[in-house]
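Structure file query_7.cif (mmCIF, C-alpha atoms and all ligand atoms) follows.
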data_input
loop_
_atom_site.label_atom_id
_atom_site.label_comp_id
_atom_site.auth_asym_id
_atom_site.auth_seq_id
_atom_site.Cartn_x
_atom_site.Cartn_y
_atom_site.Cartn_z
CA MET Y 8 10.94 -8.09 -54.02
CA LYS Y 9 7.24 -7.96 -54.87
CA LYS Y 10 5.96 -5.35 -57.26
CA VAL Y 11 4.47 -2.25 -55.61
CA PRO Y 12 0.70 -2.19 -56.19
CA ASN Y 13 -0.48 0.53 -58.54
CA HIS Y 14 -3.55 1.45 -56.49
CA VAL Y 15 -4.05 1.25 -52.74
CA ALA Y 16 -7.37 2.25 -51.19
CA ILE Y 17 -7.91 2.79 -47.47
CA MET Y 18 -11.07 2.89 -45.40
CA MET Y 19 -9.88 5.20 -42.66
CA ASP Y 20 -11.88 3.88 -39.72
CA GLY Y 21 -11.62 4.30 -35.95
CA ASN Y 22 -11.21 8.06 -35.47
CA GLY Y 23 -14.16 8.20 -33.07
CA ARG Y 24 -13.02 5.27 -30.88
CA TRP Y 25 -9.46 6.62 -30.82
CA ALA Y 26 -10.75 9.91 -29.41
CA VAL Y 27 -13.29 8.47 -26.98
CA GLU Y 28 -10.68 6.12 -25.49
CA LYS Y 29 -8.49 9.15 -24.83
CA GLY Y 30 -11.36 11.10 -23.27
CA LYS Y 31 -11.38 13.53 -26.20
CA PRO Y 32 -14.24 14.71 -28.43
CA ARG Y 33 -14.74 12.77 -31.68
CA SER Y 34 -13.63 15.83 -33.64
CA ALA Y 35 -10.16 15.44 -32.09
CA GLY Y 36 -10.11 11.96 -33.61
CA HIS Y 37 -10.93 13.36 -37.03
CA TYR Y 38 -8.19 15.97 -36.74
CA ALA Y 39 -5.70 13.28 -35.70
CA GLY Y 40 -6.99 11.32 -38.69
CA MET Y 41 -5.97 14.19 -40.95
CA LEU Y 42 -2.44 14.05 -39.54
CA ALA Y 43 -2.42 10.33 -40.34
CA VAL Y 44 -3.39 11.23 -43.90
CA ARG Y 45 -0.33 13.46 -44.11
CA ARG Y 46 1.96 10.63 -42.89
CA THR Y 47 0.32 8.12 -45.18
CA VAL Y 48 0.71 10.31 -48.26
CA GLU Y 49 4.41 10.80 -47.47
CA ALA Y 50 4.81 7.05 -46.99
CA ALA Y 51 2.96 6.26 -50.21
CA VAL Y 52 5.26 8.57 -52.17
CA GLN Y 53 8.33 6.97 -50.59
CA LEU Y 54 7.05 3.47 -51.31
CA GLY Y 55 6.38 4.34 -54.95
CA ILE Y 56 2.60 3.96 -54.90
CA SER Y 57 1.02 5.92 -57.78
CA ASN Y 58 -2.63 5.91 -56.73
CA LEU Y 59 -3.88 6.29 -53.16
CA THR Y 60 -7.58 6.51 -52.45
CA LEU Y 61 -9.04 7.36 -49.04
CA TYR Y 62 -12.60 6.99 -47.76
CA ALA Y 63 -13.22 10.15 -45.74
CA PHE Y 64 -17.01 10.44 -45.58
CA SER Y 65 -19.68 8.06 -46.79
CA SER Y 66 -23.14 8.90 -48.06
CA GLU Y 67 -24.41 7.21 -44.88
CA ASN Y 68 -22.28 9.42 -42.60
CA TRP Y 69 -24.79 12.32 -42.75
CA LYS Y 70 -26.73 10.41 -40.07
CA ARG Y 71 -24.08 11.32 -37.48
CA PRO Y 72 -24.62 14.18 -34.98
CA LYS Y 73 -24.67 17.56 -36.74
CA GLN Y 74 -21.71 18.87 -34.78
CA GLU Y 75 -19.55 15.98 -35.95
CA VAL Y 76 -20.68 16.30 -39.57
CA ASP Y 77 -20.00 20.06 -39.46
CA TYR Y 78 -16.48 19.42 -38.20
CA ILE Y 79 -15.74 16.85 -40.89
CA MET Y 80 -17.07 19.25 -43.56
CA HIS Y 81 -14.69 21.91 -42.23
CA LEU Y 82 -11.66 19.59 -42.38
CA PRO Y 83 -11.00 20.10 -46.14
CA SER Y 84 -10.40 23.75 -45.36
CA ILE Y 85 -7.87 22.92 -42.62
CA PHE Y 86 -6.35 20.34 -44.96
CA TYR Y 87 -5.93 22.97 -47.67
CA LYS Y 88 -4.32 25.50 -45.34
CA THR Y 89 -1.89 23.11 -43.70
CA GLU Y 90 -1.07 20.68 -46.53
CA ILE Y 91 -1.22 22.41 -49.92
CA LYS Y 92 2.44 23.49 -49.92
CA ALA Y 93 3.79 20.07 -48.99
CA LEU Y 94 1.47 18.34 -51.45
CA ASN Y 95 2.74 20.49 -54.30
CA LYS Y 96 6.33 19.99 -53.25
CA ALA Y 97 5.90 16.23 -53.22
CA GLY Y 98 4.10 16.21 -56.58
CA VAL Y 99 0.78 15.01 -55.22
CA ARG Y 100 -2.34 15.64 -57.24
CA VAL Y 101 -5.48 15.72 -55.12
CA GLU Y 102 -8.89 14.75 -56.44
CA PHE Y 103 -12.10 14.56 -54.46
CA PHE Y 104 -14.92 12.32 -55.62
CA GLY Y 105 -18.43 11.39 -54.58
CA ASP Y 106 -21.71 13.28 -54.78
CA LEU Y 107 -19.83 16.57 -54.50
CA GLN Y 108 -22.71 18.82 -55.53
CA ALA Y 109 -24.51 17.93 -52.30
CA LEU Y 110 -21.66 19.23 -50.13
CA PRO Y 111 -21.88 22.54 -48.24
CA LEU Y 112 -20.83 25.40 -50.56
CA LYS Y 113 -17.75 26.31 -48.52
CA THR Y 114 -16.55 22.71 -48.56
CA LEU Y 115 -17.13 22.46 -52.29
CA ALA Y 116 -15.23 25.70 -52.92
CA VAL Y 117 -12.16 24.63 -50.98
CA ILE Y 118 -11.98 21.15 -52.48
CA LYS Y 119 -12.21 22.68 -55.97
CA LYS Y 120 -9.37 25.01 -55.07
CA THR Y 121 -7.30 22.07 -53.79
CA MET Y 122 -7.93 20.12 -57.00
CA GLN Y 123 -7.12 23.06 -59.25
CA GLU Y 124 -3.91 23.96 -57.43
CA THR Y 125 -2.53 20.42 -57.63
CA ILE Y 126 -3.78 19.46 -61.08
CA HIS Y 127 -0.33 19.49 -62.69
CA ASN Y 128 1.29 17.11 -60.20
CA ASN Y 129 1.93 13.53 -61.24
CA THR Y 130 4.01 11.65 -58.66
CA LEU Y 131 0.96 10.39 -56.78
CA ILE Y 132 -2.75 10.85 -57.31
CA LEU Y 133 -4.47 11.14 -53.94
CA ARG Y 134 -8.20 10.58 -54.31
CA ILE Y 135 -10.45 11.41 -51.39
CA ALA Y 136 -13.99 10.05 -51.24
CA LEU Y 137 -16.31 12.64 -49.77
CA ASN Y 138 -20.03 11.98 -49.65
CA TYR Y 139 -19.34 8.78 -51.55
CA GLY Y 140 -21.43 5.64 -51.77
CA SER Y 141 -20.84 2.92 -54.32
CA LYS Y 142 -24.53 2.27 -54.86
CA ASP Y 143 -25.11 6.00 -55.43
CA GLU Y 144 -22.28 6.08 -57.93
CA ILE Y 145 -23.66 3.12 -59.85
CA ILE Y 146 -27.24 4.36 -59.96
CA ASN Y 147 -26.10 7.85 -60.94
CA GLY Y 148 -23.96 6.31 -63.69
CA ILE Y 149 -26.87 4.28 -65.01
CA LYS Y 150 -29.12 7.35 -65.08
CA GLU Y 151 -26.53 9.26 -67.08
CA LEU Y 152 -25.92 6.31 -69.35
CA VAL Y 153 -29.62 5.96 -70.15
CA GLN Y 154 -29.78 9.65 -71.09
CA ALA Y 155 -26.65 9.49 -73.24
CA ASN Y 156 -27.18 6.11 -74.84
CA SER Y 157 -30.64 4.70 -75.22
CA GLN Y 158 -29.24 1.66 -77.08
CA GLY Y 159 -28.00 0.14 -73.85
CA ILE Y 160 -24.60 -1.40 -73.18
CA GLN Y 161 -22.90 -4.78 -73.45
CA GLU Y 162 -19.99 -4.53 -71.07
CA TYR Y 163 -19.02 -3.21 -67.64
CA GLU Y 164 -16.34 -1.00 -69.24
CA GLU Y 165 -19.08 0.99 -70.98
CA LEU Y 166 -20.94 1.56 -67.70
CA ARG Y 167 -17.72 2.52 -65.91
CA GLN Y 168 -17.36 5.53 -68.21
CA PHE Y 169 -20.29 7.08 -66.35
CA PHE Y 170 -18.87 6.64 -62.84
CA TRP Y 171 -17.50 9.54 -60.77
CA THR Y 172 -14.33 7.43 -60.63
CA LYS Y 173 -14.04 6.79 -64.37
CA GLU Y 174 -10.38 7.90 -64.43
CA MET Y 175 -9.47 5.68 -61.48
CA PRO Y 176 -7.69 2.38 -62.05
CA ASP Y 177 -9.08 -0.71 -60.29
CA VAL Y 178 -8.03 -1.16 -56.67
CA ASP Y 179 -5.20 -3.65 -56.05
CA VAL Y 180 -5.10 -3.54 -52.25
CA MET Y 181 -7.95 -2.39 -50.00
CA ILE Y 182 -7.06 -1.65 -46.38
CA ARG Y 183 -9.46 -1.05 -43.50
CA THR Y 184 -8.25 0.07 -40.11
CA SER Y 185 -9.86 -0.27 -36.65
CA GLY Y 186 -10.52 -4.00 -36.82
CA GLU Y 187 -13.85 -3.71 -38.66
CA GLN Y 188 -14.18 -6.08 -41.60
CA ARG Y 189 -16.84 -4.52 -43.80
CA LEU Y 190 -16.92 -2.83 -47.20
CA SER Y 191 -19.36 -0.08 -46.12
CA ASN Y 192 -20.44 0.70 -49.69
CA PHE Y 193 -16.92 1.68 -50.81
CA LEU Y 194 -15.75 1.08 -54.41
CA LEU Y 195 -17.70 -2.18 -54.74
CA MET Y 196 -17.05 -2.55 -58.47
CA GLN Y 197 -13.56 -1.04 -58.52
CA ALA Y 198 -12.35 -3.35 -55.75
CA ALA Y 199 -13.99 -6.46 -57.20
CA ASN Y 200 -10.58 -8.13 -57.48
CA ALA Y 201 -8.72 -6.32 -54.71
CA ARG Y 202 -6.79 -8.02 -51.93
CA LEU Y 203 -8.31 -7.07 -48.57
CA VAL Y 204 -6.17 -6.16 -45.59
CA PHE Y 205 -7.67 -5.54 -42.16
CA ILE Y 206 -5.58 -3.76 -39.56
CA LYS Y 207 -6.44 -3.54 -35.86
CA ALA Y 208 -5.02 -0.05 -35.27
CA TYR Y 209 -7.35 2.94 -35.30
CA TRP Y 210 -6.78 5.26 -38.23
CA PRO Y 211 -5.05 8.05 -36.23
CA ASP Y 212 -2.42 5.46 -35.20
CA PHE Y 213 -1.78 4.29 -38.76
CA GLU Y 214 1.92 4.24 -39.59
CA ARG Y 215 4.22 3.82 -42.53
CA ASP Y 216 5.19 0.25 -41.53
CA MET Y 217 1.54 -0.82 -41.60
CA LEU Y 218 1.25 0.45 -45.15
CA SER Y 219 4.46 -1.17 -46.21
CA ASP Y 220 3.43 -4.51 -44.60
CA ALA Y 221 0.02 -4.33 -46.22
CA ILE Y 222 1.51 -3.98 -49.69
CA THR Y 223 4.32 -6.49 -49.29
CA ASN Y 224 2.78 -9.38 -47.29
CA ASN Y 225 0.85 -10.89 -50.13
C1 LIG Y 301 -13.74 7.08 -39.62
O1 LIG Y 301 -13.75 7.01 -38.23
C2 LIG Y 301 -13.99 8.46 -40.15
C3 LIG Y 301 -15.33 8.67 -40.70
C4 LIG Y 301 -16.21 7.75 -40.98
C5 LIG Y 301 -15.69 10.04 -40.98
P1 LIG Y 301 -15.10 6.86 -37.45
O2 LIG Y 301 -15.60 8.22 -37.11
O3 LIG Y 301 -16.05 5.96 -38.16
O4 LIG Y 301 -14.59 6.16 -36.12
P2 LIG Y 301 -15.35 5.06 -35.26
O5 LIG Y 301 -15.66 3.92 -36.19
O6 LIG Y 301 -16.59 5.70 -34.74
O7 LIG Y 301 -14.37 4.71 -34.19
C1 LIG Y 302 -17.02 3.90 -43.34
O1 LIG Y 302 -16.84 4.04 -41.98
C2 LIG Y 302 -16.76 5.19 -43.97
C3 LIG Y 302 -15.41 5.71 -43.77
C4 LIG Y 302 -14.37 5.05 -43.35
C5 LIG Y 302 -15.31 7.08 -44.10
P1 LIG Y 302 -18.06 4.01 -40.98
O2 LIG Y 302 -17.48 3.89 -39.64
O3 LIG Y 302 -18.94 5.16 -41.25
O4 LIG Y 302 -18.79 2.69 -41.46
P2 LIG Y 302 -19.77 1.71 -40.76
O5 LIG Y 302 -21.01 2.47 -40.49
O6 LIG Y 302 -19.08 1.27 -39.50
O7 LIG Y 302 -19.94 0.61 -41.74
MG MG Y 303 -16.38 3.94 -38.08
#

Starting from the file, lay out its structure as structure tokens.
Ligand code: IPE
Ligand code: IPE
Ligand code: MG
Amino acid sequence: MKKVPNHVAIMMDGNGRWAVEKGKPRSAGHYAGMLAVRRTVEAAVQLGISNLTLYAFSSENWKRPKQEVDYIMHLPSIFYKTEIKALNKAGVRVEFFGDLQALPLKTLAVIKKTMQETIHNNTLILRIALNYGSKDEIINGIKELVQANSQGIQEYEELRQFFWTKEMPDVDVMIRTSGEQRLSNFLLMQAANARLVFIKAYWPDFERDMLSDAITNN
């Protein structure tokens, strides 16, 4: 049996197409996407994955219609209400990362609450990228580095200490659903050596077997 990868990252794509093909509003696709997150977290715990990272909203996604953005920004609150108990029971620590200060205040408050209330869990770390862009993370890190250390740096490791994701191990397997084969500005440095897996299914149809295939067929 192959070793279970330490860190799996997923670009959860295809919520919109899933909904449109069913004659539903795009928001229904995002809600169904949240249910897929629940299933995937359960599966990751069962499979023994220690780090699961999900791309929920990119820094480019603000360009979408306001109604859709508003719904996505409300989802962390639904996620908190419906999932917090099960997450704590399963030992899942939740961390959000990205340019969090630019989020609506209500969204920021509820994600902080989610992080605080799961901080002591250690079976799985679930990291959710919200308002994340890799280029933003790198440029922000360089700005902070220049302020903290005018001598400059020699190695990538020193720069990494200034990333939002500084505690995150490098990605071993990167999955993207919906058939698209792009990186969309996600974890460009952290996934420099990751194995890429592209899956045709839309994110709301993502299942445990797809995760287990993605981590074993290598
Ligand atoms: C991914 O699904 C979720 C987000 C980017 C918020 P999409 O909403 O991108 O779904 P498609 O690509 O339009 O089908
Ligand atoms: C990338 O998906 C971001 C997430 C999966 C959250 P998009 O659907 O927004 O990406 P592009 O625009 O197709 O590259
Ligand atoms: Mg998409």

Would you list the contacts of Val44 (chain Y) as a PyMOL selection string, taking every protein, DNA or RNA residue within 10 Å and counting all atoms listed in the file, but skipping same-chain residues closer than 3 positions in sequence?
chain Y and resi 19+38-41+47-50+61+86+210-211+213-214

List as an MDAnalysis selection string: which residues have an atom within 9 Å of (-14.0, 22.6, -45.0), counting only C-alpha atoms?
chainID Y and resid 77:87 111 113:118

For region 141-144 of chain Y, please output as an mmCIF file with C-alpha atoms, in the coordinates of the input all residues within 8 Å (counting only C-alpha atoms; exclusion window: fewer than 4 positions along the same chain).
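Resulting contents of selection25.cif:
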data_model
loop_
_atom_site.group_PDB
_atom_site.id
_atom_site.type_symbol
_atom_site.label_atom_id
_atom_site.label_comp_id
_atom_site.auth_asym_id
_atom_site.auth_seq_id
_atom_site.Cartn_x
_atom_site.Cartn_y
_atom_site.Cartn_z
ATOM 1 C CA GLY Y 105 -18.430 11.390 -54.580
ATOM 2 C CA ASP Y 106 -21.710 13.280 -54.780
ATOM 3 C CA GLY Y 148 -23.960 6.310 -63.690
ATOM 4 C CA PHE Y 170 -18.870 6.640 -62.840
ATOM 5 C CA TRP Y 171 -17.500 9.540 -60.770
ATOM 6 C CA ASN Y 192 -20.440 0.700 -49.690
ATOM 7 C CA PHE Y 193 -16.920 1.680 -50.810
ATOM 8 C CA LEU Y 194 -15.750 1.080 -54.410
ATOM 9 C CA LEU Y 195 -17.700 -2.180 -54.740
ATOM 10 C CA MET Y 196 -17.050 -2.550 -58.470
#

Taking all atoms listed in the file into account, which residues are within 7 Å of ligand LIG 301 (chain Y), as a ChimeraX atom specification?
/Y:19-25,37,63-65,68,79

Between Y:Ala155, Y:Asp179, Y:Lys31, Y:Arg189, single out the one closest to Ala16 (chain Y), counting all atoms listed in the file.
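Residue with the minimum atom-to-atom distance to Ala16 (chain Y): Y:Asp179.
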
Between Y:Glu187, Y:Glu164, Y:Glu151, Y:Asp220, which residue has the minimum interatomic distance to ligand LIG 302 (chain Y), considering all atoms listed in the file?
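Checking each of Y:Glu187, Y:Glu164, Y:Glu151, Y:Asp220 against ligand LIG 302 (chain Y), counting all atoms listed in the file, the winner is Y:Glu187.
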
Once 3 Å is added on each side, what centre and edge lengths in Å to one decimal does the axis-aligned box around all listed atoms of ligand LIG 302 (chain Y) have, as JSON?
{"center_x": -17.7, "center_y": 3.8, "center_z": -41.8, "size_x": 12.6, "size_y": 12.5, "size_z": 10.6}

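If you measure from each of Y:Leu112, Y:Ala26, Y:Ile206, Y:Leu137 to ligand LIG 302 (chain Y) using all atoms listed in the file, the closest one turns out to be Y:Leu137.
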
With all atoms listed in the file as the atoms that count, which of Y:Ser191, Y:Ser34, Y:Asn13, Y:Asn156 lies nearest to ligand MG 303 (chain Y)?
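Smallest separation from ligand MG 303 (chain Y) among the options: Y:Ser191.
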